[in-house]
$ cat target00.tsv   # TSV, C-alpha atoms
chain	number	residue	atom	x	y	z
A	153	MET	CA	25.12	-9.75	-12.23
A	154	LEU	CA	22.23	-12.21	-12.08
A	155	ASP	CA	23.57	-15.21	-10.24
A	156	ALA	CA	22.74	-18.80	-11.03
A	157	ILE	CA	19.85	-20.57	-9.34
A	158	GLN	CA	20.97	-21.04	-5.75
A	159	PHE	CA	19.44	-24.46	-5.14
A	160	SER	CA	19.70	-27.91	-6.62
A	161	THR	CA	16.94	-29.64	-4.64
A	162	TRP	CA	13.48	-28.64	-3.39
A	163	ALA	CA	14.50	-29.41	0.18
A	164	GLU	CA	17.32	-26.86	-0.08
A	165	PHE	CA	14.90	-24.31	-1.49
A	166	ILE	CA	12.47	-24.80	1.42
A	167	ASN	CA	15.28	-24.79	3.96
A	168	MET	CA	16.87	-21.48	2.82
A	169	GLY	CA	20.18	-22.27	4.47
A	170	GLY	CA	18.54	-22.88	7.83
A	171	TYR	CA	16.43	-19.67	7.78
A	172	GLY	CA	13.45	-21.23	6.01
A	173	PHE	CA	10.85	-20.27	8.61
A	174	ASN	CA	11.84	-16.61	8.66
A	175	VAL	CA	12.35	-16.15	4.92
A	176	TRP	CA	9.13	-17.92	3.95
A	177	SER	CA	7.12	-16.14	6.65
A	178	VAL	CA	8.25	-12.78	5.27
A	179	TYR	CA	7.27	-13.68	1.71
A	180	ALA	CA	3.95	-15.08	2.98
A	181	LEU	CA	3.23	-11.83	4.87
A	182	PHE	CA	4.05	-9.86	1.73
A	183	ALA	CA	1.70	-12.07	-0.31
A	184	ILE	CA	-1.06	-11.46	2.26
A	185	LEU	CA	-0.49	-7.68	2.11
A	186	VAL	CA	-0.79	-7.66	-1.67
A	187	ALA	CA	-3.63	-10.19	-1.97
A	188	VAL	CA	-5.87	-8.68	0.72
A	189	ASN	CA	-5.50	-5.12	-0.52
A	190	LEU	CA	-6.31	-6.05	-4.11
A	191	ILE	CA	-9.00	-8.70	-3.57
A	192	LEU	CA	-11.02	-6.78	-0.95
A	193	PRO	CA	-11.50	-3.63	-3.08
A	194	TRP	CA	-12.23	-5.81	-6.13
A	195	ARG	CA	-14.90	-7.81	-4.30
A	196	LYS	CA	-16.34	-4.63	-2.84
A	197	LYS	CA	-16.83	-3.25	-6.33
A	198	GLN	CA	-18.76	-6.35	-7.39
A	199	LYS	CA	-20.96	-5.91	-4.34
A	200	ILE	CA	-21.62	-2.21	-4.99
A	201	VAL	CA	-22.54	-2.83	-8.63
A	202	ARG	CA	-24.82	-5.73	-7.66
A	203	GLN	CA	-26.63	-3.65	-5.03
A	204	LEU	CA	-27.01	-0.68	-7.38
A	205	LYS	CA	-28.45	-2.91	-10.08
A	206	ARG	CA	-30.96	-4.42	-7.67
A	207	ARG	CA	-32.04	-1.00	-6.46
A	208	MET	CA	-32.43	0.30	-9.98
A	209	THR	CA	-34.64	-2.61	-11.09
A	210	LEU	CA	-36.70	-2.18	-7.91
A	211	GLU	CA	-37.16	1.53	-8.58
A	212	ALA	CA	-38.09	0.82	-12.18
A	213	GLU	CA	-40.75	-1.68	-11.06
A	214	VAL	CA	-42.19	0.75	-8.52
A	215	GLN	CA	-42.34	3.46	-11.17
A	216	SER	CA	-44.13	1.26	-13.72
A	217	GLU	CA	-46.63	0.18	-11.04
A	218	ASP	CA	-47.26	3.82	-10.11
A	219	SER	CA	-47.92	4.80	-13.70
A	220	SER	CA	-50.32	1.88	-14.32
A	221	ASN	CA	-52.24	2.63	-11.09
A	222	GLY	CA	-52.45	6.29	-11.96
A	223	ASP	CA	-54.60	5.74	-15.06
B	139	MET	CA	-7.08	26.77	-15.65
B	140	TRP	CA	-10.05	26.72	-13.29
B	141	VAL	CA	-12.02	24.54	-15.66
B	142	TRP	CA	-9.12	22.11	-15.69
B	143	PHE	CA	-8.79	22.17	-11.91
B	144	SER	CA	-12.44	21.55	-11.20
B	145	LYS	CA	-12.36	18.76	-13.76
B	146	LEU	CA	-9.42	17.21	-11.90
B	147	GLY	CA	-11.48	17.14	-8.74
B	148	SER	CA	-14.53	15.71	-10.46
B	149	PRO	CA	-15.13	12.12	-9.36
B	150	LYS	CA	-16.57	11.20	-12.75
B	151	TRP	CA	-13.49	12.45	-14.55
B	152	PHE	CA	-11.19	10.56	-12.16
B	153	TYR	CA	-13.24	7.40	-12.53
B	154	GLU	CA	-12.99	7.46	-16.32
B	155	LEU	CA	-9.29	8.34	-16.44
B	156	SER	CA	-8.27	5.79	-13.79
B	157	GLY	CA	-10.26	3.17	-15.66
B	158	LYS	CA	-7.99	3.74	-18.64
B	159	TRP	CA	-4.82	3.61	-16.53
B	160	LEU	CA	-5.66	0.59	-14.40
B	161	PRO	CA	-4.93	-2.20	-16.94
B	162	TRP	CA	-1.45	-0.73	-17.60
B	163	LEU	CA	-0.69	-0.22	-13.92
B	164	ILE	CA	-1.80	-3.77	-13.10
B	165	ALA	CA	0.29	-5.22	-15.95
B	166	ALA	CA	3.37	-3.29	-14.83
B	167	MET	CA	2.77	-4.35	-11.22
B	168	VAL	CA	2.54	-8.04	-12.16
B	169	ILE	CA	5.73	-7.86	-14.25
B	170	PHE	CA	7.81	-6.06	-11.60
B	171	MET	CA	6.48	-8.18	-8.76
B	172	THR	CA	7.16	-11.44	-10.58
B	173	ILE	CA	10.72	-10.41	-11.45
B	174	GLY	CA	11.36	-9.14	-7.91
B	175	LEU	CA	9.95	-12.19	-6.12
B	176	VAL	CA	11.61	-14.77	-8.38
B	177	TRP	CA	14.91	-12.93	-8.16
B	178	GLY	CA	14.59	-12.66	-4.40
B	179	LEU	CA	13.59	-16.26	-3.76
B	180	VAL	CA	15.56	-18.15	-6.41
B	181	PHE	CA	18.55	-16.18	-7.67
B	182	LEU	CA	19.70	-13.90	-4.86
B	183	PRO	CA	22.94	-15.34	-3.43
B	184	PRO	CA	23.37	-15.74	0.33
B	185	ASP	CA	25.05	-12.83	2.11
B	186	TYR	CA	28.47	-13.65	3.58
B	187	GLN	CA	27.25	-12.78	7.09
B	188	GLN	CA	23.46	-13.06	6.94
B	189	GLY	CA	23.09	-16.14	4.79
B	190	PHE	CA	19.71	-16.26	3.10
B	191	THR	CA	18.10	-13.81	5.53
B	192	SER	CA	19.29	-11.12	3.10
B	193	ARG	CA	16.31	-12.26	1.03
B	194	ILE	CA	14.06	-10.91	3.78
B	195	LEU	CA	15.60	-7.48	3.40
B	196	ILE	CA	14.64	-6.82	-0.21
B	197	VAL	CA	10.97	-7.20	0.81
B	198	HIS	CA	11.35	-5.43	4.15
B	199	VAL	CA	13.21	-2.43	2.70
B	200	ALA	CA	10.71	-2.03	-0.16
B	201	VAL	CA	7.66	-2.11	2.13
B	202	ALA	CA	9.27	-0.01	4.86
B	203	GLY	CA	10.50	2.68	2.48
B	204	THR	CA	7.12	2.90	0.78
B	205	SER	CA	5.32	3.10	4.12
B	206	LEU	CA	6.95	6.52	4.63
B	207	ALA	CA	5.03	7.89	1.62
B	208	PHE	CA	1.59	7.66	3.24
B	209	PHE	CA	1.68	10.59	5.67
B	210	PRO	CA	3.10	13.05	3.10
B	211	LEU	CA	0.39	11.87	0.68
B	212	MET	CA	-2.28	12.32	3.34
B	213	LEU	CA	-0.99	15.79	4.19
B	214	VAL	CA	-1.19	16.89	0.55
B	215	ALA	CA	-4.65	15.32	0.16
B	216	GLY	CA	-5.84	16.91	3.42
B	217	THR	CA	-4.62	20.34	2.34
B	218	VAL	CA	-6.35	20.03	-1.04
B	219	THR	CA	-9.55	18.93	0.72
B	220	LEU	CA	-9.54	21.84	3.14
B	221	VAL	CA	-8.36	24.59	0.78
B	222	TRP	CA	-10.11	23.67	-2.46
B	223	ARG	CA	-13.00	21.60	-1.03
B	224	MET	CA	-12.08	18.69	-3.24
B	225	LYS	CA	-14.01	15.61	-2.15
B	226	LEU	CA	-11.85	13.35	-4.27
B	227	ALA	CA	-8.73	14.19	-2.22
B	228	ASP	CA	-10.60	13.33	0.97
B	229	MET	CA	-11.50	9.90	-0.42
B	230	VAL	CA	-7.85	9.24	-1.30
B	231	ALA	CA	-6.73	10.33	2.19
B	232	LYS	CA	-9.25	8.00	3.82
B	233	HIS	CA	-8.02	4.91	2.00
B	234	ALA	CA	-4.35	5.93	2.24
B	235	ALA	CA	-4.65	5.72	6.04
B	236	ILE	CA	-5.96	2.15	5.89
B	237	LEU	CA	-3.35	0.98	3.38
B	238	GLY	CA	-0.63	2.83	5.32
B	239	ALA	CA	-1.54	0.95	8.49
B	240	TRP	CA	-1.16	-2.32	6.58
B	241	PHE	CA	2.25	-1.26	5.28
B	242	SER	CA	3.44	-0.21	8.74
B	243	PHE	CA	2.31	-3.48	10.26
B	244	ILE	CA	4.00	-5.59	7.57
B	245	THR	CA	7.17	-3.49	7.98
B	246	LEU	CA	7.27	-4.25	11.72
B	247	ALA	CA	6.46	-7.94	11.24
B	248	THR	CA	9.03	-8.56	8.49
B	249	GLY	CA	11.63	-6.59	10.45
B	250	SER	CA	10.97	-8.75	13.50
B	251	LEU	CA	11.36	-11.91	11.46
B	252	TRP	CA	14.76	-10.69	10.32
B	253	GLY	CA	15.82	-9.33	13.71
B	254	SER	CA	14.87	-12.49	15.56
B	255	VAL	CA	17.66	-14.40	13.83
B	256	MET	CA	20.17	-11.62	13.06
B	257	TRP	CA	19.86	-9.50	16.22
B	258	GLY	CA	18.66	-12.33	18.44
B	259	THR	CA	15.58	-10.34	19.44
B	260	TRP	CA	12.10	-9.79	17.99
B	261	TRP	CA	11.67	-6.36	19.50
B	262	GLU	CA	13.76	-3.71	21.23
B	263	TRP	CA	12.02	-0.83	22.99
B	264	THR	CA	15.19	1.26	23.14
B	265	ASP	CA	15.66	1.30	19.37
B	266	SER	CA	14.47	4.57	17.82
B	267	ARG	CA	13.75	3.16	14.36
B	268	LEU	CA	11.54	0.40	15.72
B	269	VAL	CA	9.65	2.61	18.15
B	270	SER	CA	9.07	5.46	15.66
B	271	MET	CA	7.71	2.95	13.12
B	272	LEU	CA	5.37	1.55	15.79
B	273	PHE	CA	4.29	5.14	16.50
B	274	GLN	CA	3.46	5.57	12.80
B	275	LEU	CA	1.23	2.48	12.95
B	276	PHE	CA	-0.60	3.85	16.03
B	277	LEU	CA	-1.00	7.29	14.42
B	278	LEU	CA	-2.56	5.71	11.31
B	279	LEU	CA	-4.89	3.58	13.45
B	280	GLY	CA	-5.81	6.82	15.23
B	281	VAL	CA	-6.63	8.51	11.91
B	282	ILE	CA	-8.77	5.54	10.84
B	283	SER	CA	-10.79	5.45	14.08
B	284	LEU	CA	-11.17	9.23	14.07
B	285	ARG	CA	-12.65	9.06	10.59
B	286	SER	CA	-15.08	6.31	11.46
B	287	ALA	CA	-16.14	8.23	14.58
B	288	LEU	CA	-16.63	11.57	12.82
B	289	GLU	CA	-18.09	10.23	9.58
B	290	ASP	CA	-17.29	12.36	6.53
B	291	SER	CA	-17.60	15.69	8.25
B	292	GLU	CA	-15.28	18.62	7.79
B	293	THR	CA	-14.15	18.15	11.39
B	294	ALA	CA	-12.82	14.73	10.40
B	295	ALA	CA	-10.91	16.18	7.46
B	296	LYS	CA	-9.42	18.89	9.70
B	297	ALA	CA	-8.44	16.50	12.49
B	298	CYS	CA	-6.87	14.08	10.02
B	299	ALA	CA	-4.91	16.86	8.31
B	300	LEU	CA	-3.59	17.89	11.72
B	301	LEU	CA	-2.56	14.32	12.55
B	302	SER	CA	-0.91	14.12	9.12
B	303	ILE	CA	1.40	16.98	10.12
B	304	VAL	CA	2.44	14.99	13.21
B	305	GLY	CA	2.81	11.94	10.98
B	306	CYS	CA	5.08	13.80	8.56
B	307	ILE	CA	7.33	14.96	11.39
B	308	ASN	CA	7.46	11.33	12.52
B	309	VAL	CA	8.40	10.25	8.98
B	310	VAL	CA	11.48	12.49	9.20
B	311	ILE	CA	12.27	10.97	12.59
B	312	ILE	CA	11.91	7.42	11.21
B	313	LYS	CA	14.13	8.30	8.25
B	314	TYR	CA	16.98	9.79	10.30
B	315	SER	CA	16.52	7.80	13.52
B	316	VAL	CA	19.34	5.40	12.63
B	317	GLU	CA	21.75	8.30	12.20
B	318	TRP	CA	20.62	10.43	15.15
B	319	TRP	CA	20.45	7.63	17.71
B	320	ASN	CA	22.71	4.76	16.93
B	321	THR	CA	21.18	1.80	18.72
B	322	LEU	CA	20.20	-1.50	17.11
B	323	HIS	CA	18.79	-0.87	13.64
B	324	GLN	CA	21.55	-0.49	11.04
B	325	VAL	CA	21.84	2.42	8.62
B	326	ALA	CA	21.07	1.95	4.93
B	327	SER	CA	23.73	-0.09	3.13
B	328	PRO	CA	25.92	1.82	0.69
B	329	VAL	CA	25.27	0.94	-2.91
B	330	SER	CA	28.20	-0.72	-4.66
B	331	LEU	CA	28.73	-1.39	-8.37
B	332	ASP	CA	31.15	-4.22	-7.64
B	333	PRO	CA	29.40	-7.58	-8.15
B	334	THR	CA	31.69	-9.25	-5.62
B	335	SER	CA	30.79	-6.73	-2.89
B	336	PRO	CA	28.20	-7.77	-0.25
B	337	ASN	CA	26.25	-4.65	-1.31
B	338	GLY	CA	26.70	-5.38	-4.99
B	339	PRO	CA	24.19	-4.81	-7.78
B	340	GLN	CA	22.49	-8.19	-7.31
B	341	PHE	CA	21.11	-6.86	-4.01
B	342	TRP	CA	20.25	-3.26	-4.73
B	343	ILE	CA	18.80	-3.86	-8.20
B	344	ALA	CA	16.57	-6.59	-6.72
B	345	THR	CA	15.57	-4.14	-3.98
B	346	LEU	CA	14.93	-1.39	-6.53
B	347	ILE	CA	12.67	-3.69	-8.57
B	348	MET	CA	10.73	-4.57	-5.42
B	349	ILE	CA	10.37	-0.88	-4.52
B	350	VAL	CA	8.90	-0.14	-7.98
B	351	ALA	CA	6.61	-3.18	-7.64
B	352	VAL	CA	5.41	-2.05	-4.20
B	353	TYR	CA	4.73	1.52	-5.40
B	354	LEU	CA	2.73	0.15	-8.34
B	355	PHE	CA	0.78	-2.07	-5.95
B	356	LEU	CA	0.10	0.90	-3.68
B	357	SER	CA	-1.24	2.92	-6.64
B	358	VAL	CA	-3.44	0.10	-7.92
B	359	SER	CA	-4.91	-0.65	-4.49
B	360	LEU	CA	-5.52	3.03	-3.70
B	361	ILE	CA	-7.16	3.64	-7.09
B	362	LEU	CA	-9.44	0.60	-6.68
B	363	SER	CA	-10.59	1.74	-3.22
B	364	THR	CA	-11.10	5.33	-4.36
B	365	ARG	CA	-13.17	4.18	-7.34
B	366	ASN	CA	-15.40	2.16	-4.99
B	367	GLU	CA	-15.84	5.23	-2.80
B	368	ILE	CA	-16.81	7.28	-5.86
B	369	LEU	CA	-19.42	4.72	-6.94
B	370	GLU	CA	-20.96	4.72	-3.47
B	371	ARG	CA	-21.03	8.48	-3.03
B	372	GLU	CA	-22.28	9.19	-6.55
B	373	ARG	CA	-24.76	6.32	-6.77
B	374	ARG	CA	-27.67	8.71	-7.38
B	375	SER	CA	-26.03	10.41	-10.34
B	376	GLN	CA	-26.92	9.60	-13.92
B	377	TRP	CA	-23.42	8.57	-15.03
B	378	VAL	CA	-23.09	5.92	-12.28
B	379	GLN	CA	-26.51	4.51	-13.17
B	380	ASP	CA	-25.58	4.37	-16.86
B	381	LEU	CA	-22.33	2.67	-15.92
B	382	VAL	CA	-24.09	0.02	-13.83
B	383	LEU	CA	-26.51	-0.72	-16.65
B	384	LYS	CA	-23.63	-1.26	-19.07
B	385	ASN	CA	-21.90	-3.63	-16.64
$ encode --input "target00.tsv" --output "structure tokens"
Amino acid sequence: MLDAIQFSTWAEFINMGGYGFNVWSVYALFAILVAVNLILPWRKKQKIVRQLKRRMTLEAEVQSEDSSNGD
Amino acid sequence: MWVWFSKLGSPKWFYELSGKWLPWLIAAMVIFMTIGLVWGLVFLPPDYQQGFTSRILIVHVAVAGTSLAFFPLMLVAGTVTLVWRMKLADMVAKHAAILGAWFSFITLATGSLWGSVMWGTWWEWTDSRLVSMLFQLFLLLGVISLRSALEDSETAAKACALLSIVGCINVVIIKYSVEWWNTLHQVASPVSLDPTSPNGPQFWIATLIMIVAVYLFLSVSLILSTRNEILERERRSQWVQDLVLKN
């Protein structure tokens, strides 16, 4: 069922029987679809966590200042 | 029952559960995608008529078939949002529209890249399959812009649910377009068990593996986006703050 490797040289592999541009473009588009829609949400999460952390330390500082001024 | 249902809609509960599932989903996605892509690019034999452009089809069919899942998903999510006031479903619907637009665009682009050599044309306005898929892309772009215009209001949820009904009707049209109007786009190939057949197992098993890989990718991407949305909306709550501190 699984056929043998269809190419013997790299040039043949790139050429894809004359349809190299179309075949490789399709696989490149698919790679973009997958990469963008996994990397963007992942990077967004890093950003959200970073911002939340910064805000929390800021709030903690403000609170400690308030309590020391209040005495 | 009601306790269970309100738990299901709780963002915190979803965040914790999806966190447990994600590593497994990602691992399965990587395995299926690697097998599918290597099979498609290295082992798949040339078709007797299409040559190596048949390798385009295993990707195109997987993405195109999966792109039909978005509007039904959005309709279910929209109904749950409106009937049971479940915010979580609304978050899923929002990100499904964005991912669905990506899928529709890639479907059209990969189809064009195949058609340009096999049909001799990049685009054909008289073909029902092509035009109804383009309509799906525009509908999804409409949903996205509607949401950004109306913010997270209930009006937005209602309008998007309504558009999802139109989208679902269009999904049926896309699915049967090749049978109802026979123009350019071919019907689905019959599946054959004979390895010497042009539609033999080497093609449809490779396609099937790609379909599973694409569905896994869709789930992972949608879960990641929904989790981000949860963190942003719940940033004032204690559990998110505890989570950030642990990170």
$ residues_around --input "target00.tsv" --residues "Pro161 of chain B" --least-positions-apart "6" --cutoff "12 Å" --atoms "all atoms listed in the file" --output "ChimeraX atom specification"
/B:155,167-168,354,358,361-362
$ write_last_selection --input "target00.tsv" --atoms "C-alpha atoms" --output "tab-separated table (two decimals), in the frame of the given file"
chain	number	residue	atom	x	y	z
B	155	LEU	CA	-9.29	8.34	-16.44
B	167	MET	CA	2.77	-4.35	-11.22
B	168	VAL	CA	2.54	-8.04	-12.16
B	354	LEU	CA	2.73	0.15	-8.34
B	358	VAL	CA	-3.44	0.10	-7.92
B	361	ILE	CA	-7.16	3.64	-7.09
B	362	LEU	CA	-9.44	0.60	-6.68
$ closest_residue --input "target00.tsv" --among "A:Gln203, A:Val188, A:Lys196, A:Phe182" --to "Leu195 of chain B" --atoms "all atoms listed in the file"
A:Phe182
$ closest_residue --input "target00.tsv" --among "B:Met271, B:Val180, B:Leu279, B:Ala344" --to "Gly249 of chain B" --atoms "only C-alpha atoms"
B:Met271
$ atom_distance --input "target00.tsv" --atom1 "atom CA of Ala207 of chain B" --atom2 "atom CA of Phe173 of chain A"
29.6 Å
$ interface_residues --input "target00.tsv" --of "chain A" --to "chain B" --cutoff "8 Å" --atoms "only C-alpha atoms" --output "number ranges by chain"
A: 153-159, 165, 168-169, 171, 174-175, 177-179, 181-182, 185-186, 189-190, 193-194, 196-197, 200-201, 204-205, 208
$ atom_distance --input "target00.tsv" --atom1 "atom CA of Leu192 of chain A" --atom2 "atom CA of His233 of chain B"
12.4 Å
$ atom_distance --input "target00.tsv" --atom1 "atom CA of Gly216 of chain B" --atom2 "atom CA of Ile368 of chain B"
17.3 Å
$ closest_residue --input "target00.tsv" --among "B:Lys232, B:Arg267, B:Lys384, B:Lys150" --to "Val281 of chain B" --atoms "all atoms listed in the file"
B:Lys232
$ build_atoms --input "target00.tsv" --residues "segment 243-259 of chain B" --atoms "N, CA and C atoms" --output "short mmCIF file (atom, residue, chain, number, x, y, z; two decimals), in the frame of the given file"
data_model
loop_
_atom_site.label_atom_id
_atom_site.label_comp_id
_atom_site.auth_asym_id
_atom_site.auth_seq_id
_atom_site.Cartn_x
_atom_site.Cartn_y
_atom_site.Cartn_z
N PHE B 243 2.36 -2.21 9.55
CA PHE B 243 2.31 -3.48 10.26
C PHE B 243 3.23 -4.51 9.61
N ILE B 244 3.16 -4.61 8.28
CA ILE B 244 4.00 -5.59 7.57
C ILE B 244 5.49 -5.23 7.73
N THR B 245 5.79 -3.92 7.75
CA THR B 245 7.17 -3.49 7.98
C THR B 245 7.67 -4.00 9.32
N LEU B 246 6.86 -3.81 10.37
CA LEU B 246 7.27 -4.25 11.72
C LEU B 246 7.40 -5.76 11.78
N ALA B 247 6.45 -6.48 11.16
CA ALA B 247 6.46 -7.94 11.24
C ALA B 247 7.66 -8.53 10.48
N THR B 248 7.91 -8.02 9.26
CA THR B 248 9.03 -8.56 8.49
C THR B 248 10.36 -8.19 9.15
N GLY B 249 10.42 -7.00 9.73
CA GLY B 249 11.63 -6.59 10.45
C GLY B 249 11.90 -7.49 11.64
N SER B 250 10.84 -7.85 12.35
CA SER B 250 10.97 -8.75 13.50
C SER B 250 11.48 -10.12 13.07
N LEU B 251 10.95 -10.59 11.95
CA LEU B 251 11.36 -11.91 11.46
C LEU B 251 12.83 -11.93 11.06
N TRP B 252 13.34 -10.78 10.64
CA TRP B 252 14.76 -10.69 10.32
C TRP B 252 15.57 -10.52 11.61
N GLY B 253 15.09 -9.62 12.47
CA GLY B 253 15.82 -9.33 13.71
C GLY B 253 15.91 -10.53 14.64
N SER B 254 14.88 -11.36 14.62
CA SER B 254 14.87 -12.49 15.56
C SER B 254 16.03 -13.44 15.32
N VAL B 255 16.50 -13.54 14.06
CA VAL B 255 17.66 -14.40 13.83
C VAL B 255 18.96 -13.62 13.74
N MET B 256 18.92 -12.36 13.25
CA MET B 256 20.17 -11.62 13.06
C MET B 256 20.55 -10.79 14.28
N TRP B 257 19.56 -10.26 15.00
CA TRP B 257 19.86 -9.50 16.22
C TRP B 257 19.67 -10.37 17.46
N GLY B 258 18.96 -11.48 17.28
CA GLY B 258 18.66 -12.33 18.44
C GLY B 258 17.51 -11.80 19.26
N THR B 259 16.75 -10.84 18.70
CA THR B 259 15.58 -10.34 19.44
C THR B 259 14.50 -9.93 18.44
#
